[in-house]
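Visitor: Enclosed is the structure file start-v8.csv (CSV, C-alpha atoms and all ligand atoms).
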chain,number,residue,atom,x,y,z
M,8,MET,CA,47.6,15.7,-26.6
M,9,PRO,CA,47.6,17.1,-30.2
M,10,ALA,CA,49.3,20.3,-30.8
M,11,ASN,CA,47.6,23.6,-31.9
M,12,LEU,CA,44.7,23.4,-29.4
M,13,PRO,CA,43.3,26.9,-28.8
M,14,PRO,CA,43.4,28.5,-25.3
M,15,GLN,CA,39.6,28.2,-24.8
M,16,TYR,CA,40.0,24.4,-25.1
M,17,PHE,CA,42.2,24.4,-21.9
M,18,VAL,CA,39.7,26.6,-20.1
M,19,VAL,CA,36.8,24.2,-20.8
M,20,GLU,CA,39.0,21.2,-20.1
M,21,GLU,CA,39.8,22.6,-16.6
M,22,LYS,CA,36.0,23.1,-16.2
M,23,TYR,CA,35.6,19.4,-17.1
M,24,GLN,CA,38.2,18.4,-14.5
M,25,LYS,CA,36.5,20.4,-11.8
M,26,ALA,CA,32.9,19.3,-12.7
M,27,LYS,CA,31.3,17.5,-9.8
M,28,THR,CA,28.0,16.4,-11.2
M,29,PRO,CA,27.4,14.3,-14.4
M,30,GLU,CA,25.4,17.3,-15.7
M,31,GLU,CA,28.3,19.7,-15.3
M,32,LYS,CA,30.7,17.1,-16.9
M,33,LEU,CA,28.3,16.7,-19.9
M,34,GLU,CA,28.1,20.5,-20.3
M,35,ALA,CA,31.9,20.9,-20.3
M,36,LEU,CA,32.4,18.0,-22.7
M,37,GLU,CA,30.0,19.6,-25.1
M,38,GLU,CA,31.9,22.9,-24.9
M,39,MET,CA,35.2,21.1,-25.5
M,40,LEU,CA,33.8,19.5,-28.6
M,41,ALA,CA,32.6,22.9,-29.8
M,42,VAL,CA,35.9,24.7,-29.4
M,43,ILE,CA,38.2,21.9,-30.7
M,44,PRO,CA,39.6,22.6,-34.2
M,45,LYS,CA,38.3,20.0,-36.6
M,46,HIS,CA,41.2,18.5,-38.4
M,47,LYS,CA,43.1,15.2,-38.7
M,48,GLY,CA,45.4,15.9,-35.8
M,49,THR,CA,42.4,16.2,-33.3
M,50,GLU,CA,40.3,13.3,-34.6
M,51,LYS,CA,41.3,10.9,-31.9
M,52,LEU,CA,40.6,13.5,-29.2
M,53,GLN,CA,37.2,14.3,-30.8
M,54,ALA,CA,36.3,10.7,-30.8
M,55,GLU,CA,37.2,10.3,-27.1
M,56,ILE,CA,35.1,13.3,-26.1
M,57,LYS,CA,32.1,12.1,-28.2
M,58,GLN,CA,32.3,8.7,-26.5
M,59,LYS,CA,32.3,10.3,-23.0
M,60,ILE,CA,29.3,12.5,-24.0
M,61,SER,CA,27.3,9.5,-25.2
M,62,LYS,CA,28.1,7.5,-22.0
M,63,LEU,CA,27.0,10.4,-19.8
M,64,ARG,CA,23.8,11.0,-21.8
M,65,LYS,CA,22.9,7.3,-21.5
M,66,ALA,CA,23.4,7.4,-17.8
M,67,ALA,CA,21.3,10.5,-17.5
M,68,GLN,CA,18.4,8.8,-19.4
M,69,GLU,CA,18.6,5.8,-17.1
M,70,ARG,CA,18.4,8.1,-14.1
M,71,THR,CA,15.3,9.9,-15.3
M,72,LYS,CA,13.7,6.6,-16.3
M,73,ARG,CA,14.3,5.1,-12.9
M,74,GLY,CA,13.3,8.3,-11.2
M,75,LYS,CA,9.9,8.3,-13.0
M,76,THR,CA,9.1,4.7,-12.5
M,77,PHE,CA,10.4,4.0,-9.1
M,78,ASP,CA,7.5,4.3,-6.5
M,79,PRO,CA,8.3,2.8,-3.1
M,80,PHE,CA,4.6,2.6,-2.4
M,81,LEU,CA,3.7,0.6,-5.5
M,82,ILE,CA,3.4,-2.8,-3.9
M,83,GLU,CA,1.8,-5.4,-6.0
M,84,LYS,CA,-1.4,-6.7,-4.4
M,85,SER,CA,-1.2,-10.3,-3.2
M,86,GLY,CA,-3.6,-12.4,-1.1
M,87,ALA,CA,-7.3,-11.6,-0.6
M,88,ALA,CA,-7.0,-7.9,0.3
M,89,GLN,CA,-4.4,-5.2,0.8
M,90,VAL,CA,-4.5,-3.2,4.0
M,91,LEU,CA,-2.2,-0.2,4.9
M,92,VAL,CA,-1.0,0.3,8.4
M,93,ILE,CA,-0.6,4.1,8.9
M,94,GLY,CA,-0.2,6.4,11.8
M,95,SER,CA,1.8,8.9,13.7
M,96,PRO,CA,5.5,8.3,14.3
M,97,ASN,CA,6.3,5.6,17.0
M,98,SER,CA,2.7,4.4,17.2
M,99,GLY,CA,3.7,0.7,16.6
M,100,LYS,CA,3.1,0.3,12.9
M,101,SER,CA,6.2,-1.8,12.3
M,102,THR,CA,5.5,-3.8,15.5
M,103,PHE,CA,2.0,-4.5,14.1
M,104,LEU,CA,3.6,-6.2,11.1
M,105,HIS,CA,6.0,-8.2,13.4
M,106,VAL,CA,3.0,-9.5,15.4
M,107,PHE,CA,0.7,-10.4,12.5
M,108,THR,CA,3.1,-11.3,9.6
M,109,HIS,CA,6.5,-12.7,8.9
M,110,ALA,CA,7.7,-9.3,7.6
M,111,ARG,CA,10.4,-7.8,9.7
M,112,PRO,CA,10.4,-4.0,9.3
M,113,GLU,CA,12.7,-2.1,11.7
M,114,VAL,CA,11.2,-1.4,15.1
M,115,ALA,CA,12.8,1.5,16.9
M,116,GLU,CA,12.4,3.7,20.0
M,117,TYR,CA,12.9,6.7,17.8
M,118,PRO,CA,10.4,7.9,15.2
M,119,PHE,CA,10.6,7.9,11.4
M,120,THR,CA,12.3,4.5,11.0
M,121,THR,CA,10.2,3.3,8.2
M,122,PHE,CA,10.6,5.2,4.9
M,123,TYR,CA,9.2,2.7,2.5
M,124,SER,CA,6.3,0.3,2.5
M,125,THR,CA,7.2,-3.1,3.8
M,126,PRO,CA,4.6,-5.8,2.8
M,127,GLY,CA,3.8,-8.8,4.9
M,128,MET,CA,1.1,-11.5,4.7
M,129,MET,CA,-1.3,-12.0,7.6
M,130,PRO,CA,-2.9,-15.5,7.5
M,131,TYR,CA,-6.6,-15.5,8.4
M,132,GLU,CA,-8.4,-18.8,8.3
M,133,ASP,CA,-8.0,-20.1,4.7
M,134,ILE,CA,-6.9,-16.7,3.2
M,135,GLN,CA,-4.1,-14.2,3.6
M,136,ILE,CA,-4.4,-10.5,3.9
M,137,GLN,CA,-1.5,-8.3,2.8
M,138,LEU,CA,-0.4,-5.7,5.3
M,139,LEU,CA,1.8,-2.7,4.4
M,140,ASP,CA,3.9,-0.8,6.8
M,141,THR,CA,4.2,2.9,5.8
M,142,PRO,CA,6.1,6.0,6.7
M,143,PRO,CA,4.7,8.0,9.7
M,144,ILE,CA,2.2,10.7,9.1
M,145,ALA,CA,3.1,13.9,11.0
M,146,GLU,CA,1.8,16.5,8.5
M,147,ARG,CA,-1.6,17.5,7.3
M,148,GLU,CA,-0.6,16.5,3.8
M,149,ILE,CA,1.0,13.3,2.6
M,150,GLU,CA,2.9,12.8,-0.6
M,151,GLY,CA,1.2,11.8,-3.9
M,152,ASN,CA,2.6,8.2,-4.1
M,153,PHE,CA,1.4,7.5,-0.5
M,154,ILE,CA,-2.1,8.9,-1.3
M,155,ASN,CA,-2.3,6.8,-4.4
M,156,ALA,CA,-1.3,3.7,-2.5
M,157,LEU,CA,-4.1,4.4,0.0
M,158,ARG,CA,-6.6,4.9,-2.9
M,159,ARG,CA,-5.6,1.5,-4.2
M,160,ALA,CA,-5.9,-0.2,-0.9
M,161,ASP,CA,-8.9,-2.3,0.4
M,162,GLY,CA,-8.6,-0.9,3.9
M,163,VAL,CA,-6.5,1.1,6.3
M,164,LEU,CA,-5.6,0.8,10.0
M,165,PHE,CA,-4.8,4.0,11.9
M,166,LEU,CA,-2.4,3.2,14.7
M,167,LEU,CA,-2.2,5.6,17.6
M,168,ASP,CA,-0.2,5.6,20.8
M,169,ALA,CA,-2.4,5.6,23.9
M,170,LYS,CA,0.5,7.3,25.8
M,171,SER,CA,0.6,10.3,23.4
M,172,GLU,CA,-0.8,13.5,24.9
M,173,LYS,CA,-1.6,14.7,21.4
M,174,LEU,CA,-3.5,11.6,20.3
M,175,LEU,CA,-6.6,13.5,19.1
M,176,ASP,CA,-4.5,16.0,17.2
M,177,GLU,CA,-2.6,13.1,15.6
M,178,LEU,CA,-5.9,11.5,14.5
M,179,GLU,CA,-7.1,14.8,13.1
M,180,THR,CA,-3.9,15.2,11.2
M,181,ILE,CA,-4.3,11.9,9.5
M,182,LEU,CA,-8.0,12.5,8.7
M,183,GLU,CA,-7.1,15.9,7.3
M,184,ALA,CA,-4.3,14.4,5.1
M,185,LEU,CA,-6.7,11.8,3.8
M,186,ARG,CA,-9.4,14.4,3.0
M,187,LYS,CA,-6.8,16.4,1.1
M,188,GLY,CA,-6.2,13.2,-0.9
M,189,LYS,CA,-10.0,12.9,-1.5
M,190,ILE,CA,-10.2,9.7,0.6
M,191,GLU,CA,-13.4,9.2,2.5
M,192,VAL,CA,-13.2,6.9,5.6
M,193,ASP,CA,-16.6,7.7,7.2
M,194,ARG,CA,-18.6,4.5,6.8
M,195,ARG,CA,-21.9,6.5,6.9
M,196,LYS,CA,-21.1,8.3,3.7
M,197,THR,CA,-22.1,5.9,1.1
M,198,ALA,CA,-22.7,8.4,-1.7
M,199,ILE,CA,-19.2,9.7,-2.6
M,200,SER,CA,-18.8,12.5,-5.0
M,201,GLU,CA,-16.6,12.3,-8.1
M,202,ASN,CA,-12.9,11.7,-7.7
M,203,TRP,CA,-13.4,10.7,-4.0
M,204,CYS,CA,-12.7,7.2,-3.0
M,205,PHE,CA,-14.1,5.3,0.0
M,206,LEU,CA,-11.5,3.5,2.1
M,207,PRO,CA,-12.7,1.2,5.0
M,208,ALA,CA,-10.8,2.2,8.1
M,209,MET,CA,-10.3,1.2,11.7
M,210,VAL,CA,-8.6,3.0,14.6
M,211,LEU,CA,-6.3,1.0,16.8
M,212,ILE,CA,-5.2,2.7,20.0
M,213,ASN,CA,-2.0,0.9,20.8
M,214,LYS,CA,0.1,0.6,24.0
M,215,MET,CA,-3.0,0.3,26.2
M,216,GLU,CA,-1.4,-0.9,29.3
M,217,ARG,CA,-2.9,1.2,32.1
M,218,GLU,CA,-6.4,1.7,33.4
M,219,GLU,CA,-6.4,5.4,32.5
M,220,HIS,CA,-5.9,4.5,28.8
M,221,ARG,CA,-9.4,3.1,28.7
M,222,GLU,CA,-10.7,6.6,28.9
M,223,ILE,CA,-9.0,7.8,25.8
M,224,VAL,CA,-10.4,4.8,23.9
M,225,SER,CA,-13.9,5.7,25.2
M,226,LEU,CA,-13.4,9.3,24.2
M,227,VAL,CA,-12.2,8.5,20.6
M,228,ARG,CA,-15.1,6.1,20.3
M,229,GLU,CA,-17.5,8.7,21.4
M,230,LEU,CA,-16.1,11.2,18.9
M,231,PHE,CA,-15.5,8.9,15.9
M,232,GLY,CA,-17.3,5.6,16.6
M,233,GLU,CA,-20.0,6.3,14.1
M,234,GLU,CA,-17.4,6.9,11.4
M,235,PHE,CA,-15.2,3.8,11.9
M,236,PRO,CA,-14.5,1.2,14.6
M,237,VAL,CA,-12.2,2.2,17.4
M,238,GLU,CA,-10.3,-0.5,19.3
M,239,GLY,CA,-7.8,-0.4,22.2
M,240,ILE,CA,-4.9,-2.9,22.0
M,241,SER,CA,-1.4,-3.5,23.3
M,242,LEU,CA,0.7,-5.1,20.7
M,243,HIS,CA,3.2,-6.1,23.3
M,244,HIS,CA,0.6,-8.1,25.3
M,245,LEU,CA,-1.8,-9.5,22.7
M,246,SER,CA,-3.3,-12.9,23.7
M,247,GLU,CA,-4.0,-15.5,20.9
M,248,GLU,CA,-7.7,-14.8,21.4
M,249,GLU,CA,-7.2,-11.1,21.0
M,250,LYS,CA,-5.1,-11.6,17.9
M,251,ARG,CA,-7.8,-13.8,16.4
M,252,GLU,CA,-10.5,-11.3,17.2
M,253,LEU,CA,-8.5,-8.5,15.7
M,254,LYS,CA,-7.9,-10.4,12.5
M,255,GLN,CA,-11.6,-11.2,12.3
M,256,LYS,CA,-12.3,-7.4,12.5
M,257,ILE,CA,-9.8,-6.6,9.8
M,258,PHE,CA,-11.4,-9.2,7.6
M,259,ALA,CA,-14.8,-7.7,8.3
M,260,MET,CA,-13.5,-4.2,7.6
M,261,VAL,CA,-12.2,-5.0,4.1
M,262,GLY,CA,-15.6,-6.2,3.0
M,263,ILE,CA,-14.9,-9.3,1.1
M,264,VAL,CA,-16.6,-12.7,0.9
M,265,ARG,CA,-15.1,-16.1,0.2
M,266,VAL,CA,-17.0,-18.5,-1.9
M,267,TYR,CA,-16.2,-22.0,-2.9
M,268,SER,CA,-17.1,-23.5,-6.3
M,269,LYS,CA,-18.6,-26.9,-6.7
M,270,PRO,CA,-18.6,-28.7,-10.1
M,271,PRO,CA,-21.9,-30.5,-10.7
M,272,GLY,CA,-21.8,-34.0,-9.2
M,273,LYS,CA,-18.5,-33.4,-7.5
M,274,PRO,CA,-17.5,-32.2,-4.0
M,275,PRO,CA,-16.8,-28.5,-3.5
M,276,ASP,CA,-13.2,-27.2,-3.9
M,277,PHE,CA,-12.3,-25.9,-0.5
M,278,SER,CA,-8.7,-25.5,-1.4
M,279,ARG,CA,-9.0,-22.1,-3.1
M,280,PRO,CA,-11.8,-19.7,-2.2
M,281,PHE,CA,-12.9,-17.1,-4.8
M,282,ILE,CA,-12.6,-13.6,-3.3
M,283,LEU,CA,-15.4,-11.2,-4.1
M,284,LYS,CA,-16.5,-7.9,-2.8
M,285,ARG,CA,-19.3,-7.9,-0.3
M,286,GLY,CA,-22.6,-7.5,-2.3
M,287,ALA,CA,-21.4,-9.7,-5.1
M,288,THR,CA,-24.0,-11.9,-6.8
M,289,VAL,CA,-23.9,-15.3,-8.5
M,290,ARG,CA,-23.5,-13.3,-11.8
M,291,ASP,CA,-20.3,-11.6,-10.4
M,292,LEU,CA,-18.9,-15.0,-9.4
M,293,ALA,CA,-19.6,-16.5,-12.9
M,294,GLU,CA,-17.9,-13.5,-14.5
M,295,HIS,CA,-15.0,-13.9,-12.1
M,296,ILE,CA,-14.5,-17.6,-12.9
M,297,HIS,CA,-14.7,-17.2,-16.6
M,298,HIS,CA,-16.3,-14.6,-18.8
M,299,ASP,CA,-17.9,-17.2,-21.1
M,300,LEU,CA,-19.9,-18.5,-18.2
M,301,LEU,CA,-21.9,-15.3,-18.2
M,302,LYS,CA,-23.5,-15.8,-21.6
M,303,ASN,CA,-25.3,-19.0,-20.6
M,304,LEU,CA,-25.8,-18.4,-16.9
M,305,LYS,CA,-29.1,-19.7,-15.6
M,306,GLY,CA,-28.4,-19.4,-11.9
M,307,ALA,CA,-26.8,-21.6,-9.2
M,308,ARG,CA,-27.3,-24.0,-6.5
M,309,VAL,CA,-26.1,-22.6,-3.1
M,310,TRP,CA,-25.1,-24.2,0.1
M,311,GLY,CA,-24.6,-22.0,3.1
M,312,SER,CA,-26.6,-18.8,3.1
M,313,ALA,CA,-29.5,-20.2,1.1
M,314,ARG,CA,-32.7,-21.1,3.0
M,315,PHE,CA,-32.1,-24.8,2.3
M,316,GLU,CA,-29.0,-26.6,1.2
M,317,GLY,CA,-28.5,-26.8,-2.5
M,318,GLN,CA,-31.3,-24.3,-3.2
M,319,LEU,CA,-31.7,-23.1,-6.7
M,320,VAL,CA,-31.1,-19.3,-6.9
M,321,PRO,CA,-31.2,-16.8,-9.7
M,322,PRO,CA,-28.1,-14.9,-11.1
M,323,GLU,CA,-29.0,-11.9,-8.9
M,324,TYR,CA,-28.7,-13.9,-5.7
M,325,LEU,CA,-26.5,-12.1,-3.1
M,326,LEU,CA,-23.6,-14.4,-2.0
M,327,SER,CA,-22.4,-14.6,1.6
M,328,ASP,CA,-19.0,-15.4,3.1
M,329,ARG,CA,-18.3,-19.2,2.9
M,330,ASP,CA,-21.1,-20.0,0.5
M,331,VAL,CA,-20.6,-23.1,-1.7
M,332,VAL,CA,-21.9,-22.4,-5.2
M,333,GLU,CA,-22.6,-24.7,-8.2
M,334,ILE,CA,-23.0,-22.5,-11.2
M,335,ARG,CA,-25.8,-23.7,-13.6
M,336,THR,CA,-25.6,-22.9,-17.3
M,401,LIG,N1,4.7,-0.2,25.8
M,401,LIG,C1,4.5,-0.6,24.5
M,401,LIG,N2,5.3,-0.2,23.5
M,401,LIG,C2,5.1,-0.6,22.3
M,401,LIG,C3,3.9,-1.4,21.9
M,401,LIG,N3,3.9,-1.6,20.6
M,401,LIG,C4,5.1,-1.0,20.1
M,401,LIG,N4,5.8,-0.4,21.1
M,401,LIG,C5,7.1,0.3,21.1
M,401,LIG,O1,6.9,1.5,20.5
M,401,LIG,C6,8.1,1.8,19.7
M,401,LIG,C7,7.8,2.2,18.3
M,401,LIG,O2,7.3,1.0,17.6
M,401,LIG,P1,7.4,0.9,16.0
M,401,LIG,O3,6.7,-0.3,15.7
M,401,LIG,O4,8.8,1.0,15.6
M,401,LIG,O5,6.6,2.2,15.6
M,401,LIG,P2,6.4,2.9,14.2
M,401,LIG,O6,7.2,4.0,14.2
M,401,LIG,O7,4.9,3.3,14.2
M,401,LIG,O8,6.7,1.8,13.2
M,401,LIG,C8,9.1,0.6,19.8
M,401,LIG,O9,10.0,0.9,20.9
M,401,LIG,C9,8.1,-0.5,20.2
M,401,LIG,O10,8.7,-1.5,20.9
M,401,LIG,C10,3.0,-1.7,23.0
M,401,LIG,O11,2.0,-2.4,22.8
M,401,LIG,N5,3.3,-1.3,24.2
M,402,MG,MG,8.1,1.9,11.7
Would it be possible to restate this file's structure as structure tokens?

Guide:
Amino acid sequence: MPANLPPQYFVVEEKYQKAKTPEEKLEALEEMLAVIPKHKGTEKLQAEIKQKISKLRKAAQERTKRGKTFDPFLIEKSGAAQVLVIGSPNSGKSTFLHVFTHARPEVAEYPFTTFYSTPGMMPYEDIQIQLLDTPPIAEREIEGNFINALRRADGVLFLLDAKSEKLLDELETILEALRKGKIEVDRRKTAISENWCFLPAMVLINKMEREEHREIVSLVRELFGEEFPVEGISLHHLSEEEKRELKQKIFAMVGIVRVYSKPPGKPPDFSRPFILKRGATVRDLAEHIHHDLLKNLKGARVWGSARFEGQLVPPEYLLSDRDVVEIRT
């Protein structure tokens, strides 16, 4: 410790010693540097303080960078579609992922176990649909990152607990939270106004194990059946057949079609379907395969939905699920 340090120095040094947060430490160090007399005898001490300041500043920058970019809901899409599993606490969201994917989010008796999105892949025939487990929704408003994840998704499953006495309130809470996030789930509303996004949805009333639970499914279906499909399930007692049917409904919900390309004179490539939105045409497929194909596109030969096998169709031809298409240029 060099001699001739002024009393203020020791005051701020004590402040530094007592500082608990990096911000407080940084502030104290800056004060120390300000009060320290600038001469040869204190050069070493000055250098030490400067080094500490620069370390703390760097750490602070790292923290804000991470704070800004880290979004637990930002899960890169993979597979043919991304579907979010949302719902009230304890409704069986994590169980849903256990049953349909290899993901293993925590399943618990108590609510609020899942605080981040856990992705899992659900195999369906020759494709995979990505499912995301999410935190429970118990408020009429959900955080921005969560809303953005919903807006990016291709579909959403509302899980509800048939045993809950507040089931209708819980569904209303979810619907209200989505409306606040400008998300439309009513399938009748095709014309959506600006900033709103349409998200295909399905209600799954889980834990249907008793006769009286059928009534609640009928009631919800009566109230909301026009807006979105309503199904009763028991994740603990799903038969293979029920699983298959449910997967088929999820596939239908996300509104995608699979098409297989066929090079001229060669057999179709069934190994990798092209995934297109329902309503896609031969032109959309050509653009999807390679932008250059568009320029010289004349039409296609289609096997499957066409009136006869290998029929010549124009670029505006609407493709159906499982069509085999030979692009003609
Ligand atoms: N009786 C019954 N309990 C279920 C069913 N599905 C899930 N559970 C239970 O409900 C509780 C909450 O499930 P979990 O998947 O953690 O719900 P989450 O909070 O929505 O993720 C757990 O104890 C599950 O075992 C079901 O079909 N029937
Ligand atoms: Mg959970």

Visitor: Find the residue from M:Met215, M:Met260, M:Ile199, M:Leu326 that sits nearest to ligand LIG 401 (chain M); use all atoms listed in the file when measuring.

Guide: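 Once distances to ligand LIG 401 (chain M) are computed over all atoms listed in the file, the minimum belongs to M:Met215.
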
Visitor: Point out the residue among M:Leu33, M:Leu211, M:Ala287, M:Val18 with the least atom-to-atom distance to ligand LIG 401 (chain M), counting all atoms listed in the file.

Guide: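 Using all atoms listed in the file, the shortest distance to ligand LIG 401 (chain M) belongs to M:Leu211.
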
Visitor: Check every protein, DNA and RNA residue against ligand LIG 401 (chain M), keep those with an atom at most 9 Å away (counting only C-alpha atoms and all ligand atoms), and present them as a PyMOL selection string.

Guide: chain M and resi 92-105+112-121+140-143+166-170+213-216+240-245

Visitor: Limited to C-alpha atoms, could you put the picked residues into a file as a PDB file, in the frame of the given file?

Guide:
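Written out: result.pdb:
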ATOM      1  CA  VAL M  92      -1.000   0.300   8.400  1.00  0.00           C
ATOM      2  CA  ILE M  93      -0.600   4.100   8.900  1.00  0.00           C
ATOM      3  CA  GLY M  94      -0.200   6.400  11.800  1.00  0.00           C
ATOM      4  CA  SER M  95       1.800   8.900  13.700  1.00  0.00           C
ATOM      5  CA  PRO M  96       5.500   8.300  14.300  1.00  0.00           C
ATOM      6  CA  ASN M  97       6.300   5.600  17.000  1.00  0.00           C
ATOM      7  CA  SER M  98       2.700   4.400  17.200  1.00  0.00           C
ATOM      8  CA  GLY M  99       3.700   0.700  16.600  1.00  0.00           C
ATOM      9  CA  LYS M 100       3.100   0.300  12.900  1.00  0.00           C
ATOM     10  CA  SER M 101       6.200  -1.800  12.300  1.00  0.00           C
ATOM     11  CA  THR M 102       5.500  -3.800  15.500  1.00  0.00           C
ATOM     12  CA  PHE M 103       2.000  -4.500  14.100  1.00  0.00           C
ATOM     13  CA  LEU M 104       3.600  -6.200  11.100  1.00  0.00           C
ATOM     14  CA  HIS M 105       6.000  -8.200  13.400  1.00  0.00           C
ATOM     15  CA  PRO M 112      10.400  -4.000   9.300  1.00  0.00           C
ATOM     16  CA  GLU M 113      12.700  -2.100  11.700  1.00  0.00           C
ATOM     17  CA  VAL M 114      11.200  -1.400  15.100  1.00  0.00           C
ATOM     18  CA  ALA M 115      12.800   1.500  16.900  1.00  0.00           C
ATOM     19  CA  GLU M 116      12.400   3.700  20.000  1.00  0.00           C
ATOM     20  CA  TYR M 117      12.900   6.700  17.800  1.00  0.00           C
ATOM     21  CA  PRO M 118      10.400   7.900  15.200  1.00  0.00           C
ATOM     22  CA  PHE M 119      10.600   7.900  11.400  1.00  0.00           C
ATOM     23  CA  THR M 120      12.300   4.500  11.000  1.00  0.00           C
ATOM     24  CA  THR M 121      10.200   3.300   8.200  1.00  0.00           C
ATOM     25  CA  ASP M 140       3.900  -0.800   6.800  1.00  0.00           C
ATOM     26  CA  THR M 141       4.200   2.900   5.800  1.00  0.00           C
ATOM     27  CA  PRO M 142       6.100   6.000   6.700  1.00  0.00           C
ATOM     28  CA  PRO M 143       4.700   8.000   9.700  1.00  0.00           C
ATOM     29  CA  LEU M 166      -2.400   3.200  14.700  1.00  0.00           C
ATOM     30  CA  LEU M 167      -2.200   5.600  17.600  1.00  0.00           C
ATOM     31  CA  ASP M 168      -0.200   5.600  20.800  1.00  0.00           C
ATOM     32  CA  ALA M 169      -2.400   5.600  23.900  1.00  0.00           C
ATOM     33  CA  LYS M 170       0.500   7.300  25.800  1.00  0.00           C
ATOM     34  CA  ASN M 213      -2.000   0.900  20.800  1.00  0.00           C
ATOM     35  CA  LYS M 214       0.100   0.600  24.000  1.00  0.00           C
ATOM     36  CA  MET M 215      -3.000   0.300  26.200  1.00  0.00           C
ATOM     37  CA  GLU M 216      -1.400  -0.900  29.300  1.00  0.00           C
ATOM     38  CA  ILE M 240      -4.900  -2.900  22.000  1.00  0.00           C
ATOM     39  CA  SER M 241      -1.400  -3.500  23.300  1.00  0.00           C
ATOM     40  CA  LEU M 242       0.700  -5.100  20.700  1.00  0.00           C
ATOM     41  CA  HIS M 243       3.200  -6.100  23.300  1.00  0.00           C
ATOM     42  CA  HIS M 244       0.600  -8.100  25.300  1.00  0.00           C
ATOM     43  CA  LEU M 245      -1.800  -9.500  22.700  1.00  0.00           C
TER      44      LEU M 245
END

Visitor: So, counting all atoms listed in the file, which residue among M:Leu253, M:Ala156, M:Ala293, M:Ala184 is closest to Pro322 in chain M?

Guide: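 Under the stated criterion, the closest residue is M:Ala293.
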
Visitor: Would you list the contacts of Arg265 in chain M as a PyMOL selection string, taking every protein, DNA or RNA residue within 8 Å and counting only C-alpha atoms, but skipping same-chain residues closer than 4 positions in sequence?

Guide: chain M and resi 280-283+327-330

Visitor: May I have the protein, DNA and RNA residues with any atom at most 10 Å from the point (2.1, 3.7, -5.1), counting all atoms listed in the file, written as a VMD selection string?

Guide: chain M and resid 77 to 83 124 151 to 160

Visitor: Looking at M:Arg335, M:Glu132, M:Ser171, M:Val264, which one is nearest to Leu300 in chain M, with distances taken over only C-alpha atoms?

Guide: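 Distance minimum relative to Leu300 in chain M lands on M:Arg335.
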
Visitor: Using all atoms listed in the file, determine which residues lie at most 9 Å from Phe107 in chain M, disregarding the query and same-chain residues fewer than 5 positions distant; provide the list as number ranges by chain.

Guide: M: 102, 127-130, 138, 250, 254
